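Reproduced below: model-v9.cif, with mmCIF, C-alpha atoms.
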```cif
data_protein
loop_
_atom_site.label_atom_id
_atom_site.label_comp_id
_atom_site.auth_asym_id
_atom_site.auth_seq_id
_atom_site.Cartn_x
_atom_site.Cartn_y
_atom_site.Cartn_z
CA MET A 1482 0.92 -25.43 17.62
CA GLU A 1483 0.61 -21.69 17.30
CA ILE A 1484 1.33 -19.50 14.31
CA ILE A 1485 2.83 -16.28 15.67
CA LYS A 1486 3.87 -14.42 12.55
CA THR A 1487 4.10 -14.91 8.81
CA GLY A 1488 6.64 -17.58 7.87
CA MET A 1489 8.31 -17.83 4.49
CA ALA A 1490 10.60 -20.40 2.89
CA GLY A 1491 11.90 -21.28 -0.55
CA THR A 1492 12.58 -19.28 -3.67
CA MET A 1493 11.03 -18.70 -7.06
CA GLU A 1494 13.79 -20.61 -8.82
CA SER A 1495 13.08 -23.53 -11.08
CA SER A 1496 12.46 -26.82 -9.17
CA ASP A 1497 11.76 -24.95 -5.96
CA ILE A 1498 8.58 -23.83 -4.25
CA HIS A 1499 8.04 -20.54 -2.41
CA VAL A 1500 5.83 -21.09 0.62
CA VAL A 1501 4.23 -18.48 2.85
CA ILE A 1502 2.39 -19.50 6.01
CA GLU A 1503 0.01 -16.97 7.55
CA LYS A 1504 -2.30 -16.82 10.49
CA SER A 1505 -5.89 -17.39 9.47
CA GLN A 1506 -8.95 -15.55 10.73
CA GLU A 1507 -11.03 -18.55 9.79
CA VAL A 1508 -11.08 -22.17 10.87
CA GLY A 1509 -9.29 -24.70 8.71
CA ILE A 1510 -6.48 -24.80 6.19
CA GLN A 1511 -6.71 -22.63 3.10
CA ILE A 1512 -4.25 -23.23 0.29
CA TYR A 1513 -3.65 -20.82 -2.59
CA LEU A 1514 -1.41 -22.48 -5.14
CA ASP A 1515 0.19 -21.19 -8.31
CA SER A 1516 2.19 -23.76 -10.16
CA THR A 1517 3.89 -24.12 -13.50
CA VAL A 1518 2.56 -27.68 -13.46
CA GLN A 1519 -0.82 -26.92 -11.94
CA LYS A 1520 -2.78 -29.02 -14.42
CA GLN A 1521 -0.65 -32.11 -14.01
CA PHE A 1522 0.28 -31.94 -10.34
CA GLY A 1523 -1.84 -29.25 -8.66
CA GLU A 1524 -3.83 -31.72 -6.61
CA GLN A 1525 -0.75 -33.74 -5.64
CA ILE A 1526 1.08 -30.59 -4.45
CA LYS A 1527 -1.88 -29.53 -2.34
CA LYS A 1528 -2.06 -33.03 -0.89
CA VAL A 1529 1.62 -32.94 0.13
CA ILE A 1530 1.20 -29.48 1.71
CA LEU A 1531 -1.89 -30.65 3.60
CA GLU A 1532 -0.26 -33.85 4.84
CA THR A 1533 2.81 -31.96 6.00
CA LEU A 1534 0.69 -29.47 7.94
CA GLU A 1535 -1.36 -32.26 9.48
CA SER A 1536 1.75 -34.12 10.59
CA MET A 1537 2.80 -30.92 12.38
CA SER A 1538 -0.67 -30.53 13.94
CA ILE A 1539 -1.29 -27.21 12.18
CA THR A 1540 -5.00 -26.60 11.81
CA ASN A 1541 -5.91 -22.96 11.15
CA VAL A 1542 -3.68 -21.40 8.57
CA VAL A 1543 -3.45 -19.74 5.16
CA VAL A 1544 -0.82 -21.16 2.79
CA ARG A 1545 0.32 -19.19 -0.25
CA ALA A 1546 2.53 -21.33 -2.45
CA MET A 1547 4.25 -20.58 -5.72
CA ASP A 1548 5.56 -23.74 -7.27
CA ARG A 1549 8.17 -24.03 -9.98
CA GLY A 1550 8.05 -27.78 -10.37
CA ALA A 1551 9.34 -28.85 -6.97
CA LEU A 1552 9.55 -32.53 -5.98
CA ASP A 1553 7.46 -33.76 -3.05
CA CYS A 1554 10.48 -33.87 -0.73
CA THR A 1555 11.23 -30.21 -1.54
CA ILE A 1556 7.62 -29.22 -0.94
CA ARG A 1557 7.64 -30.95 2.44
CA ALA A 1558 10.91 -29.31 3.45
CA ARG A 1559 9.77 -25.82 2.44
CA VAL A 1560 6.43 -26.18 4.23
CA GLN A 1561 8.17 -27.44 7.35
CA SER A 1562 10.62 -24.56 7.50
CA ALA A 1563 7.95 -21.95 6.74
CA VAL A 1564 5.84 -23.37 9.59
CA MET A 1565 8.80 -23.43 12.00
CA ARG A 1566 9.55 -19.80 11.12
CA ALA A 1567 5.90 -18.86 11.55
CA MET A 1568 6.04 -20.35 15.04
CA THR A 1569 9.39 -18.58 15.64
CA LYS A 1570 10.83 -22.00 16.43
CA GLU A 1571 13.35 -22.27 13.61
CA ASN A 1572 16.24 -22.70 16.03
CA ASP A 1573 14.37 -25.15 18.14
CA ILE A 1574 13.46 -28.02 15.83
CA ASP A 1575 12.60 -31.50 17.02
CA TRP A 1576 14.22 -33.38 14.17
CA GLY A 1577 12.73 -36.68 15.34
CA LEU A 1578 9.28 -35.38 14.53
CA LEU A 1579 10.00 -34.34 10.97
CA MET B 474 23.25 -22.64 -14.54
CA LEU B 475 24.04 -19.41 -16.28
CA TYR B 476 22.99 -17.15 -13.48
CA GLU B 477 24.99 -18.84 -10.78
CA LYS B 478 27.84 -16.46 -11.52
CA PHE B 479 25.68 -13.42 -10.92
CA LYS B 480 26.02 -11.76 -7.57
CA ILE B 481 23.47 -9.86 -5.54
CA GLU B 482 24.61 -6.75 -3.72
CA LYS B 483 23.06 -3.98 -1.75
CA ILE B 484 23.41 -0.67 -3.58
CA TYR B 485 24.23 2.48 -1.67
CA MET B 486 22.63 5.22 -3.70
CA ASP B 487 24.90 7.90 -2.28
CA GLU B 488 27.85 6.33 -4.10
CA ALA B 489 28.06 8.15 -7.41
CA LYS B 490 29.23 5.19 -9.48
CA ALA B 491 26.56 2.77 -8.28
CA ARG B 492 23.89 5.45 -8.55
CA ASN B 493 24.81 6.20 -12.15
CA GLN B 494 24.68 2.52 -13.02
CA VAL B 495 21.16 2.30 -11.59
CA LEU B 496 20.05 5.47 -13.36
CA ASN B 497 21.42 4.12 -16.62
CA LEU B 498 19.64 0.81 -16.28
CA LEU B 499 16.34 2.48 -15.43
CA GLU B 500 16.65 4.87 -18.32
CA LYS B 501 17.19 2.01 -20.76
CA ASN B 502 13.93 0.54 -19.46
CA HIS B 503 12.13 3.89 -19.77
CA LEU B 504 11.84 4.24 -16.01
CA THR B 505 12.94 7.03 -13.73
CA LEU B 506 14.32 6.85 -10.22
CA ASP B 507 11.68 7.24 -7.57
CA PHE B 508 12.33 9.48 -4.59
CA GLY B 509 12.43 8.29 -1.00
CA LEU B 510 13.52 4.72 -1.74
CA GLU B 511 14.41 2.83 1.42
CA ASP B 512 16.68 0.09 0.07
CA THR B 513 18.06 -0.87 -3.31
CA VAL B 514 19.66 -4.09 -4.50
CA GLY B 515 21.48 -4.87 -7.70
CA ILE B 516 22.39 -8.01 -9.63
CA TYR B 517 25.87 -7.91 -11.12
CA ASP B 518 27.53 -9.86 -13.89
CA GLY B 519 31.12 -9.05 -13.03
CA GLU B 520 31.22 -5.26 -12.83
CA ASN B 521 28.08 -4.87 -14.91
CA LEU B 522 24.82 -4.00 -13.25
CA ILE B 523 22.24 -6.17 -15.02
CA GLY B 524 19.25 -5.83 -12.71
CA ALA B 525 18.09 -3.49 -9.95
CA GLY B 526 15.09 -3.07 -7.70
CA SER B 527 14.09 -1.10 -4.61
CA ILE B 528 11.67 -1.14 -1.72
CA LYS B 529 9.69 1.67 -0.15
CA GLY B 530 7.02 1.05 2.44
CA ASN B 531 4.97 -1.92 1.28
CA THR B 532 5.87 -1.51 -2.37
CA LEU B 533 8.51 -2.87 -4.73
CA ARG B 534 9.75 -0.20 -7.10
CA CYS B 535 12.06 0.79 -9.88
CA ILE B 536 12.50 -2.80 -10.98
CA ALA B 537 14.53 -3.15 -14.14
CA VAL B 538 16.50 -5.89 -15.86
CA ASP B 539 19.02 -5.28 -18.63
CA GLU B 540 17.46 -6.18 -21.96
CA GLU B 541 20.21 -8.62 -22.84
CA TYR B 542 19.57 -10.59 -19.67
CA GLN B 543 15.81 -10.69 -19.77
CA GLY B 544 14.45 -14.23 -19.59
CA THR B 545 17.54 -15.61 -17.88
CA GLY B 546 16.25 -15.73 -14.34
CA VAL B 547 17.66 -12.36 -13.29
CA LEU B 548 14.18 -11.08 -12.46
CA ASN B 549 13.63 -14.21 -10.33
CA LEU B 550 16.79 -13.52 -8.40
CA LEU B 551 15.89 -9.89 -7.95
CA MET B 552 12.32 -10.53 -6.85
CA ASN B 553 13.42 -13.24 -4.39
CA GLU B 554 15.75 -10.74 -2.79
CA LEU B 555 13.21 -7.91 -2.63
CA VAL B 556 10.45 -10.13 -1.22
CA HIS B 557 12.89 -11.53 1.32
CA MET B 558 14.02 -8.03 2.38
CA GLN B 559 10.39 -7.07 2.94
CA TYR B 560 9.80 -10.31 4.83
CA LEU B 561 12.65 -9.51 7.22
CA ARG B 562 10.96 -6.16 7.91
CA GLU B 563 7.75 -8.15 8.47
CA VAL B 564 6.04 -6.50 5.53
CA ASN B 565 4.14 -9.31 3.83
CA HIS B 566 1.41 -7.63 1.89
CA LEU B 567 3.26 -6.22 -1.10
CA PHE B 568 2.29 -3.99 -4.00
CA VAL B 569 3.85 -3.45 -7.39
CA TYR B 570 3.10 -0.66 -9.84
CA THR B 571 4.21 -1.53 -13.30
CA LYS B 572 3.69 -0.97 -16.98
CA PRO B 573 0.99 -3.16 -18.52
CA SER B 574 3.69 -4.75 -20.70
CA ALA B 575 5.37 -6.17 -17.58
CA GLN B 576 2.17 -7.48 -16.03
CA LYS B 577 2.77 -11.06 -17.19
CA SER B 578 6.23 -11.21 -15.63
CA PHE B 579 4.91 -10.09 -12.27
CA GLN B 580 1.96 -12.45 -12.53
CA PHE B 581 4.50 -15.23 -12.86
CA MET B 582 6.08 -13.95 -9.62
CA GLY B 583 2.80 -14.41 -7.77
CA PHE B 584 1.33 -10.93 -8.13
CA HIS B 585 -2.32 -10.38 -8.94
CA LYS B 586 -3.77 -7.47 -10.83
CA ILE B 587 -6.00 -5.10 -8.89
CA GLU B 588 -6.66 -2.31 -11.36
CA GLU B 589 -5.34 -0.75 -14.54
CA VAL B 590 -5.33 2.66 -16.17
CA SER B 591 -5.35 1.50 -19.74
CA GLY B 592 -1.98 1.51 -21.38
CA LYS B 593 -0.34 3.42 -18.53
CA VAL B 594 -0.09 1.51 -15.29
CA VAL B 595 -1.16 -1.66 -13.53
CA LEU B 596 -1.36 -2.07 -9.77
CA MET B 597 -0.72 -5.56 -8.46
CA GLU B 598 -0.61 -7.19 -5.03
CA ASN B 599 0.87 -10.47 -3.83
CA LYS B 600 -2.24 -11.79 -2.11
CA HIS B 601 -5.03 -13.52 -4.01
CA ASP B 602 -7.51 -12.34 -1.45
CA GLY B 603 -5.98 -9.00 -0.39
CA MET B 604 -8.60 -6.73 -1.90
CA LYS B 605 -11.37 -9.24 -1.25
CA SER B 606 -10.73 -9.50 2.47
CA TYR B 607 -10.55 -5.70 2.72
CA LEU B 608 -13.91 -5.42 0.97
CA ASP B 609 -15.43 -8.18 3.10
CA GLY B 610 -14.47 -6.15 6.15
CA LEU B 611 -16.03 -3.01 4.68
CA ALA B 612 -19.23 -4.77 3.61
CA LYS B 613 -19.94 -5.63 7.25
CA GLN B 614 -20.41 -1.91 7.88
CA LYS B 615 -22.67 -1.35 4.93
CA VAL B 616 -25.77 0.75 5.61
CA ILE B 617 -28.78 0.53 3.30
CA GLY B 618 -30.39 3.81 2.32
CA GLU B 619 -31.58 6.00 -0.52
CA LYS B 620 -28.52 8.21 -0.37
CA ILE B 621 -25.29 6.86 1.06
CA SER B 622 -22.30 9.18 0.79
CA CYS B 623 -18.60 9.11 1.30
CA VAL B 624 -15.85 11.55 2.25
CA VAL B 625 -12.13 10.83 2.05
CA MET B 626 -9.80 13.08 4.00
CA ASN B 627 -6.37 13.29 5.48
CA GLY B 628 -7.30 15.66 8.32
CA ASN B 629 -3.84 17.02 8.97
CA PRO B 630 -5.13 18.28 11.43
CA PHE B 631 -8.92 18.13 11.63
CA THR B 632 -10.35 21.63 10.95
CA ASN B 633 -13.76 23.30 10.82
CA GLY B 634 -13.49 22.90 7.05
CA HIS B 635 -13.41 19.10 7.37
CA LEU B 636 -16.21 19.28 9.90
CA TYR B 637 -18.31 21.45 7.58
CA LEU B 638 -17.89 18.97 4.71
CA ILE B 639 -18.87 15.99 6.88
CA GLU B 640 -21.82 17.86 8.42
CA LYS B 641 -23.10 18.89 5.01
CA ALA B 642 -22.83 15.32 3.68
CA ALA B 643 -24.48 13.95 6.83
CA GLU B 644 -27.38 16.40 6.52
CA GLU B 645 -28.04 15.49 2.92
CA SER B 646 -27.59 11.71 3.24
CA GLN B 647 -28.88 8.82 5.29
CA HIS B 648 -25.37 7.75 6.10
CA VAL B 649 -21.83 8.95 5.45
CA HIS B 650 -18.71 6.78 5.31
CA VAL B 651 -15.63 8.82 6.22
CA PHE B 652 -12.24 7.42 5.22
CA ILE B 653 -9.08 8.73 6.84
CA VAL B 654 -5.95 8.44 4.73
CA SER B 655 -3.84 6.15 6.85
CA SER B 656 -0.40 6.48 5.26
CA ASP B 657 1.77 8.02 7.91
CA LEU B 658 3.46 10.69 5.83
CA SER B 659 1.74 13.71 7.35
CA SER B 660 2.95 15.94 10.15
CA PHE B 661 0.15 14.67 12.38
CA PRO B 662 0.42 10.91 12.96
CA TYR B 663 -2.49 8.73 11.86
CA GLU B 664 -3.66 7.94 15.42
CA VAL B 665 -3.82 11.65 16.26
CA ARG B 666 -5.65 12.54 13.05
CA ARG B 667 -8.17 9.75 13.72
CA GLU B 668 -8.75 10.76 17.34
CA LEU B 669 -9.24 14.43 16.45
CA MET B 670 -11.71 13.44 13.75
CA ARG B 671 -13.60 11.15 16.15
CA GLU B 672 -13.74 13.83 18.83
CA GLY B 673 -14.72 16.55 16.39
CA THR B 674 -17.58 14.55 14.86
CA LYS B 675 -18.95 12.97 18.04
CA HIS B 676 -22.21 14.89 17.68
CA ILE B 677 -22.95 13.51 14.20
CA LYS B 678 -24.78 10.22 14.50
CA ASN B 679 -25.07 8.97 10.92
CA ILE B 680 -21.40 8.52 10.06
CA THR B 681 -18.89 5.66 10.15
CA ILE B 682 -15.18 6.41 10.30
CA HIS B 683 -12.96 3.98 8.40
CA GLU B 684 -9.24 3.53 8.05
CA GLY B 685 -8.25 4.30 4.45
CA GLY B 686 -5.81 1.38 4.41
CA ASP B 687 -3.77 0.37 1.40
CA TYR B 688 -6.41 1.00 -1.21
CA ILE B 689 -7.45 4.64 -0.76
CA ILE B 690 -4.98 7.46 -1.51
CA SER B 691 -2.15 5.51 0.01
CA ASN B 692 0.76 7.86 -0.47
CA ALA B 693 3.22 5.09 0.16
CA THR B 694 2.19 3.61 -3.16
CA PHE B 695 2.27 6.74 -5.30
CA PRO B 696 3.39 5.44 -8.66
CA SER B 697 5.66 7.92 -10.30
CA TYR B 698 8.77 6.21 -11.45
CA PHE B 699 7.74 4.96 -14.87
CA ILE B 700 5.94 8.01 -16.09
CA LYS B 701 7.87 10.37 -18.27
CA GLU B 702 6.09 13.69 -17.90
CA PRO B 703 5.99 14.75 -14.25
CA SER B 704 2.67 16.53 -14.83
CA GLU B 705 1.10 13.28 -15.96
CA ILE B 706 1.94 11.59 -12.67
CA VAL B 707 -0.84 13.08 -10.62
CA LYS B 708 -3.46 12.45 -13.27
CA ILE B 709 -2.58 8.80 -13.72
CA HIS B 710 -2.27 8.16 -10.02
CA ALA B 711 -5.60 9.86 -9.43
CA ALA B 712 -7.23 7.79 -12.17
CA LEU B 713 -5.91 4.56 -10.69
CA ASP B 714 -6.98 5.48 -7.18
CA LEU B 715 -10.44 6.51 -8.33
CA ARG B 716 -10.94 3.46 -10.52
CA ILE B 717 -10.23 1.31 -7.45
CA PHE B 718 -12.76 3.36 -5.51
CA GLY B 719 -15.34 3.17 -8.28
CA ASN B 720 -14.85 -0.50 -9.03
CA TYR B 721 -14.46 -1.96 -5.55
CA ILE B 722 -14.88 0.31 -2.54
CA GLY B 723 -17.94 2.29 -3.59
CA PRO B 724 -20.01 -0.76 -4.57
CA SER B 725 -19.10 -2.74 -1.44
CA LEU B 726 -20.58 0.02 0.74
CA GLY B 727 -23.37 0.93 -1.69
CA ILE B 728 -22.12 4.51 -2.03
CA HIS B 729 -24.08 6.90 -4.25
CA GLU B 730 -22.13 10.10 -3.92
CA ARG B 731 -18.70 11.29 -2.90
CA TYR B 732 -18.33 14.71 -1.28
CA VAL B 733 -15.14 16.70 -1.80
CA GLY B 734 -14.03 20.14 -0.73
CA GLU B 735 -13.22 22.60 -3.49
CA GLU B 736 -9.47 22.99 -3.77
CA PRO B 737 -8.25 26.47 -4.69
CA TYR B 738 -4.69 26.10 -3.37
CA CYS B 739 -3.18 22.69 -3.93
CA GLU B 740 -2.77 21.80 -7.62
CA THR B 741 -2.47 18.08 -6.88
CA THR B 742 -5.71 17.85 -4.93
CA ASN B 743 -7.47 20.04 -7.45
CA GLN B 744 -6.42 17.73 -10.26
CA TYR B 745 -7.55 14.76 -8.17
CA ASN B 746 -10.99 16.37 -7.85
CA GLN B 747 -11.20 17.00 -11.58
CA VAL B 748 -10.30 13.41 -12.42
CA MET B 749 -12.87 12.27 -9.85
CA LYS B 750 -15.63 14.08 -11.75
CA GLU B 751 -14.61 12.21 -14.89
CA ILE B 752 -14.24 8.74 -13.42
CA LEU B 753 -16.78 8.17 -10.66
CA PRO B 754 -19.83 8.87 -12.86
CA GLN B 755 -18.59 6.03 -15.10
CA PHE B 756 -19.22 3.76 -12.13
CA GLY B 757 -22.61 5.29 -11.42
CA MET B 758 -21.48 7.50 -8.54
CA GLY B 759 -21.97 11.24 -8.20
CA VAL B 760 -19.39 13.80 -7.12
CA ASN B 761 -20.48 16.75 -5.02
CA GLU B 762 -17.84 19.49 -4.85
CA ILE B 763 -18.54 21.80 -1.95
CA PRO B 764 -17.09 25.34 -1.84
CA ARG B 765 -14.73 25.97 1.04
CA LYS B 766 -16.07 27.28 4.26
CA SER B 767 -14.61 30.61 5.26
CA ILE B 768 -14.44 32.63 8.42
CA ASN B 769 -14.32 36.43 8.07
CA SER B 770 -13.71 35.97 4.33
CA ASP B 771 -10.75 33.78 5.18
CA THR B 772 -11.07 30.23 3.77
CA ILE B 773 -10.25 27.38 6.09
CA SER B 774 -7.56 24.90 5.16
CA ALA B 775 -5.38 22.52 7.07
CA SER B 776 -2.28 23.85 5.35
CA LYS B 777 -3.11 27.32 6.63
CA VAL B 778 -3.42 25.88 10.12
CA ARG B 779 -0.06 24.18 9.74
CA SER B 780 1.59 27.39 8.60
CA PHE B 781 0.27 29.15 11.72
CA ILE B 782 1.72 26.30 13.75
CA ALA B 783 5.06 26.65 12.01
CA LYS B 784 5.13 30.34 12.92
CA GLY B 785 4.04 29.60 16.47
CA ASP B 786 0.76 31.55 16.15
CA ILE B 787 -1.29 28.95 17.99
CA GLU B 788 -3.91 31.52 19.09
CA LYS B 789 -4.69 32.42 15.47
CA ILE B 790 -5.71 28.81 14.81
CA LYS B 791 -8.63 28.91 17.22
CA PRO B 792 -11.38 30.06 14.82
CA PHE B 793 -10.32 27.53 12.19
CA VAL B 794 -10.53 24.32 14.21
CA PRO B 795 -13.01 22.51 16.47
CA GLU B 796 -12.43 22.86 20.19
CA SER B 797 -11.10 19.31 20.40
CA THR B 798 -8.33 20.05 17.88
CA TYR B 799 -7.41 23.30 19.65
CA ASN B 800 -7.30 21.50 22.99
CA PHE B 801 -5.01 18.90 21.51
CA LEU B 802 -2.64 21.52 20.12
CA THR B 803 -2.31 23.15 23.52
CA SER B 804 -1.76 19.79 25.26
CA GLU B 805 1.60 18.25 26.04
CA GLU B 806 1.24 15.67 23.28
CA GLY B 807 0.24 18.41 20.86
CA GLU B 808 3.35 20.39 21.67
CA LYS B 809 5.48 17.49 20.46
CA VAL B 810 3.78 17.56 17.06
CA ILE B 811 4.06 21.36 16.92
CA HIS B 812 7.72 21.11 17.76
CA LYS B 813 8.21 18.63 14.92
CA ILE B 814 6.48 20.88 12.39
CA GLN B 815 8.58 23.87 13.46
CA GLU B 816 11.79 21.81 13.25
CA VAL B 817 11.04 20.70 9.70
CA LYS B 818 10.25 24.27 8.73
CA LYS B 819 13.59 25.45 10.01
CA ARG B 820 15.49 22.90 7.96
CA HIS B 821 13.91 23.94 4.66
#
```
Would you mind writing the file's structure down as structure tokens?
Amino acid sequence: MEIIKTGMAGTMESSDIHVVIEKSQEVGIQIYLDSTVQKQFGEQIKKVILETLESMSITNVVVRAMDRGALDCTIRARVQSAVMRAMTKENDIDWGLL
Amino acid sequence: MLYEKFKIEKIYMDEAKARNQVLNLLEKNHLTLDFGLEDTVGIYDGENLIGAGSIKGNTLRCIAVDEEYQGTGVLNLLMNELVHMQYLREVNHLFVYTKPSAQKSFQFMGFHKIEEVSGKVVLMENKHDGMKSYLDGLAKQKVIGEKISCVVMNGNPFTNGHLYLIEKAAEESQHVHVFIVSSDLSSFPYEVRRELMREGTKHIKNITIHEGGDYIISNATFPSYFIKEPSEIVKIHAALDLRIFGNYIGPSLGIHERYVGEEPYCETTNQYNQVMKEILPQFGMGVNEIPRKSINSDTISASKVRSFIAKGDIEKIKPFVPESTYNFLTSEEGEKVIHKIQEVKKRH
């Protein structure tokens, strides 16, 4: 799965998460997270982001996420659409895989 | 939610009514309208403009929210829109200049502070690692020596004056880092300026040419809109730029001294030089101001060269520039740039 450009999804509204997916010069997944509930759920949010990327076979990428208290399902959805946009495949989604 | 009734609209600044609304809102927030804005959006509550913001290059500017609506999510709405507009233009590395009092709000929007001129202005970027990755790149080209120097120039176009400054620095130092201002706001495009500088300095072995990038005199990010006295603008911008140089760029390359050409003509550059002498020593760096080189008691400057170009006196340029620059000006590609300069001149 190839990241072609920067992909972005979500907003900075309450209960949402703003996710930016960027190409990485390095190997591996790097997550920068700002969250209003960092102390309570920071680790859980990172885990959901990581699992979502893994399920889409994304390996080398930088994720910048700004969380405003989003639920796990929202986080997954935002990460998925940011990744699809980054691959320029947003009109070509295999729904069965998601 | 309260703000669901607000609507977001693009503002056309050539419409008098909308323009006045924006000017009013900015004035209430002690901001002024910046020039050269590329796009502006507004948030409306009915007919009332309650928030406005603009984009220019890779910056977000003139961002203001009506006092009565602050803390209601209007800034969220506005920032979402501005970031999204930039995203559609594929500009993802964003900068915000703001008053220190607004720093917290922008931090909440995912911006990180780079540098501050106390009480006046804060520069922020939306990447945690923006500055760091730039510096990591620079550090790879670090040269160790007793005297490492630096020159920053626009080179619009590269003249014998630029060459003289680089040669002098190279003679007196082990190594010289030359930064070319990369904002494309000059009559000579960045690629041309870089090539002419490379060609003109081929014979000097102990220099490295760098792209100035976003962090050195990037004209696209000239912060002017929130400063009341126009004369203050240059000073504050210069201080910010030089603090970034002193705090980050200089140390990452181990620079001891910065060479600058004396500036008898341009007030802005002269002021920049003066501020440099105040600020860089605070970071343990020296400033070496070199008098202009002259030919037949005629000082060399790129603006003089450009004025010859505007008048079509290409022959008169010859003594002022290296052969490579002259050859470029008489080439087919050079003629295009000359044509452009002459066109602009005609319009003014």
Picked residues, the PyMOL selection byres ((chain A) within 12 of (chain B)), expected as a ChimeraX atom specification:
/A:1485-1495,1497-1507,1511-1517,1543-1549,1563,1566-1567
Distance of atom CA of Ile523 of chain B from atom CA of Asp539 of chain B, expressed in Å to one decimal place
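If I compute the distance from atom CA of Asp539 of chain B to atom CA of Ile523 of chain B, I get 4.9 Å.
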Which value, in Å to one decimal, gives the distance between atom CA of Gln576 of chain B and atom CA of Gly723 of chain B?
25.6 Å
Compile the contact shell of Ser774 of chain B as a compact mmCIF listing (two decimals) with C-alpha atoms, in the coordinates of the input: residues with an atom at most 9 Å away, counting only C-alpha atoms, same-chain residues fewer than 3 positions apart removed.
```
# COMPACT_ATOMS: atom_id res chain seq x y z
CA THR B 632 -10.35 21.63 10.95
CA ASN B 633 -13.76 23.30 10.82
CA GLY B 634 -13.49 22.90 7.05
CA HIS B 635 -13.41 19.10 7.37
CA ARG B 765 -14.73 25.97 1.04
CA LYS B 766 -16.07 27.28 4.26
CA LYS B 777 -3.11 27.32 6.63
CA VAL B 778 -3.42 25.88 10.12
CA ARG B 779 -0.06 24.18 9.74
CA PHE B 793 -10.32 27.53 12.19
```
Evaluate the PyMOL selection byres ((chain A and resi 1520-1530) around 7) here and jot the selected residues down as a ChimeraX atom specification.
/A:1516,1518-1519,1531-1534,1553,1556-1557,1560
State, in Å with one decimal place, the distance from atom CA of Lys501 of chain B to atom CA of Ile709 of chain B.
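Atom CA of Ile709 of chain B lies 22.1 Å from atom CA of Lys501 of chain B.
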Let me know the residues the PyMOL selection byres ((chain B and resi 747) around 12) catches in the file above, as a PDB file with C-alpha atoms, in the coordinates of the input.
```
ATOM      1  CA  VAL B 707      -0.840  13.080 -10.620  1.00  0.00           C
ATOM      2  CA  LYS B 708      -3.460  12.450 -13.270  1.00  0.00           C
ATOM      3  CA  ALA B 711      -5.600   9.860  -9.430  1.00  0.00           C
ATOM      4  CA  ALA B 712      -7.230   7.790 -12.170  1.00  0.00           C
ATOM      5  CA  LEU B 715     -10.440   6.510  -8.330  1.00  0.00           C
ATOM      6  CA  VAL B 733     -15.140  16.700  -1.800  1.00  0.00           C
ATOM      7  CA  GLY B 734     -14.030  20.140  -0.730  1.00  0.00           C
ATOM      8  CA  GLU B 735     -13.220  22.600  -3.490  1.00  0.00           C
ATOM      9  CA  GLU B 736      -9.470  22.990  -3.770  1.00  0.00           C
ATOM     10  CA  GLU B 740      -2.770  21.800  -7.620  1.00  0.00           C
ATOM     11  CA  THR B 741      -2.470  18.080  -6.880  1.00  0.00           C
ATOM     12  CA  THR B 742      -5.710  17.850  -4.930  1.00  0.00           C
ATOM     13  CA  ASN B 743      -7.470  20.040  -7.450  1.00  0.00           C
ATOM     14  CA  GLN B 744      -6.420  17.730 -10.260  1.00  0.00           C
ATOM     15  CA  TYR B 745      -7.550  14.760  -8.170  1.00  0.00           C
ATOM     16  CA  ASN B 746     -10.990  16.370  -7.850  1.00  0.00           C
ATOM     17  CA  VAL B 748     -10.300  13.410 -12.420  1.00  0.00           C
ATOM     18  CA  MET B 749     -12.870  12.270  -9.850  1.00  0.00           C
ATOM     19  CA  LYS B 750     -15.630  14.080 -11.750  1.00  0.00           C
ATOM     20  CA  GLU B 751     -14.610  12.210 -14.890  1.00  0.00           C
ATOM     21  CA  ILE B 752     -14.240   8.740 -13.420  1.00  0.00           C
ATOM     22  CA  LEU B 753     -16.780   8.170 -10.660  1.00  0.00           C
ATOM     23  CA  PRO B 754     -19.830   8.870 -12.860  1.00  0.00           C
ATOM     24  CA  VAL B 760     -19.390  13.800  -7.120  1.00  0.00           C
ATOM     25  CA  ASN B 761     -20.480  16.750  -5.020  1.00  0.00           C
ATOM     26  CA  GLU B 762     -17.840  19.490  -4.850  1.00  0.00           C
TER      27      GLU B 762
END
```
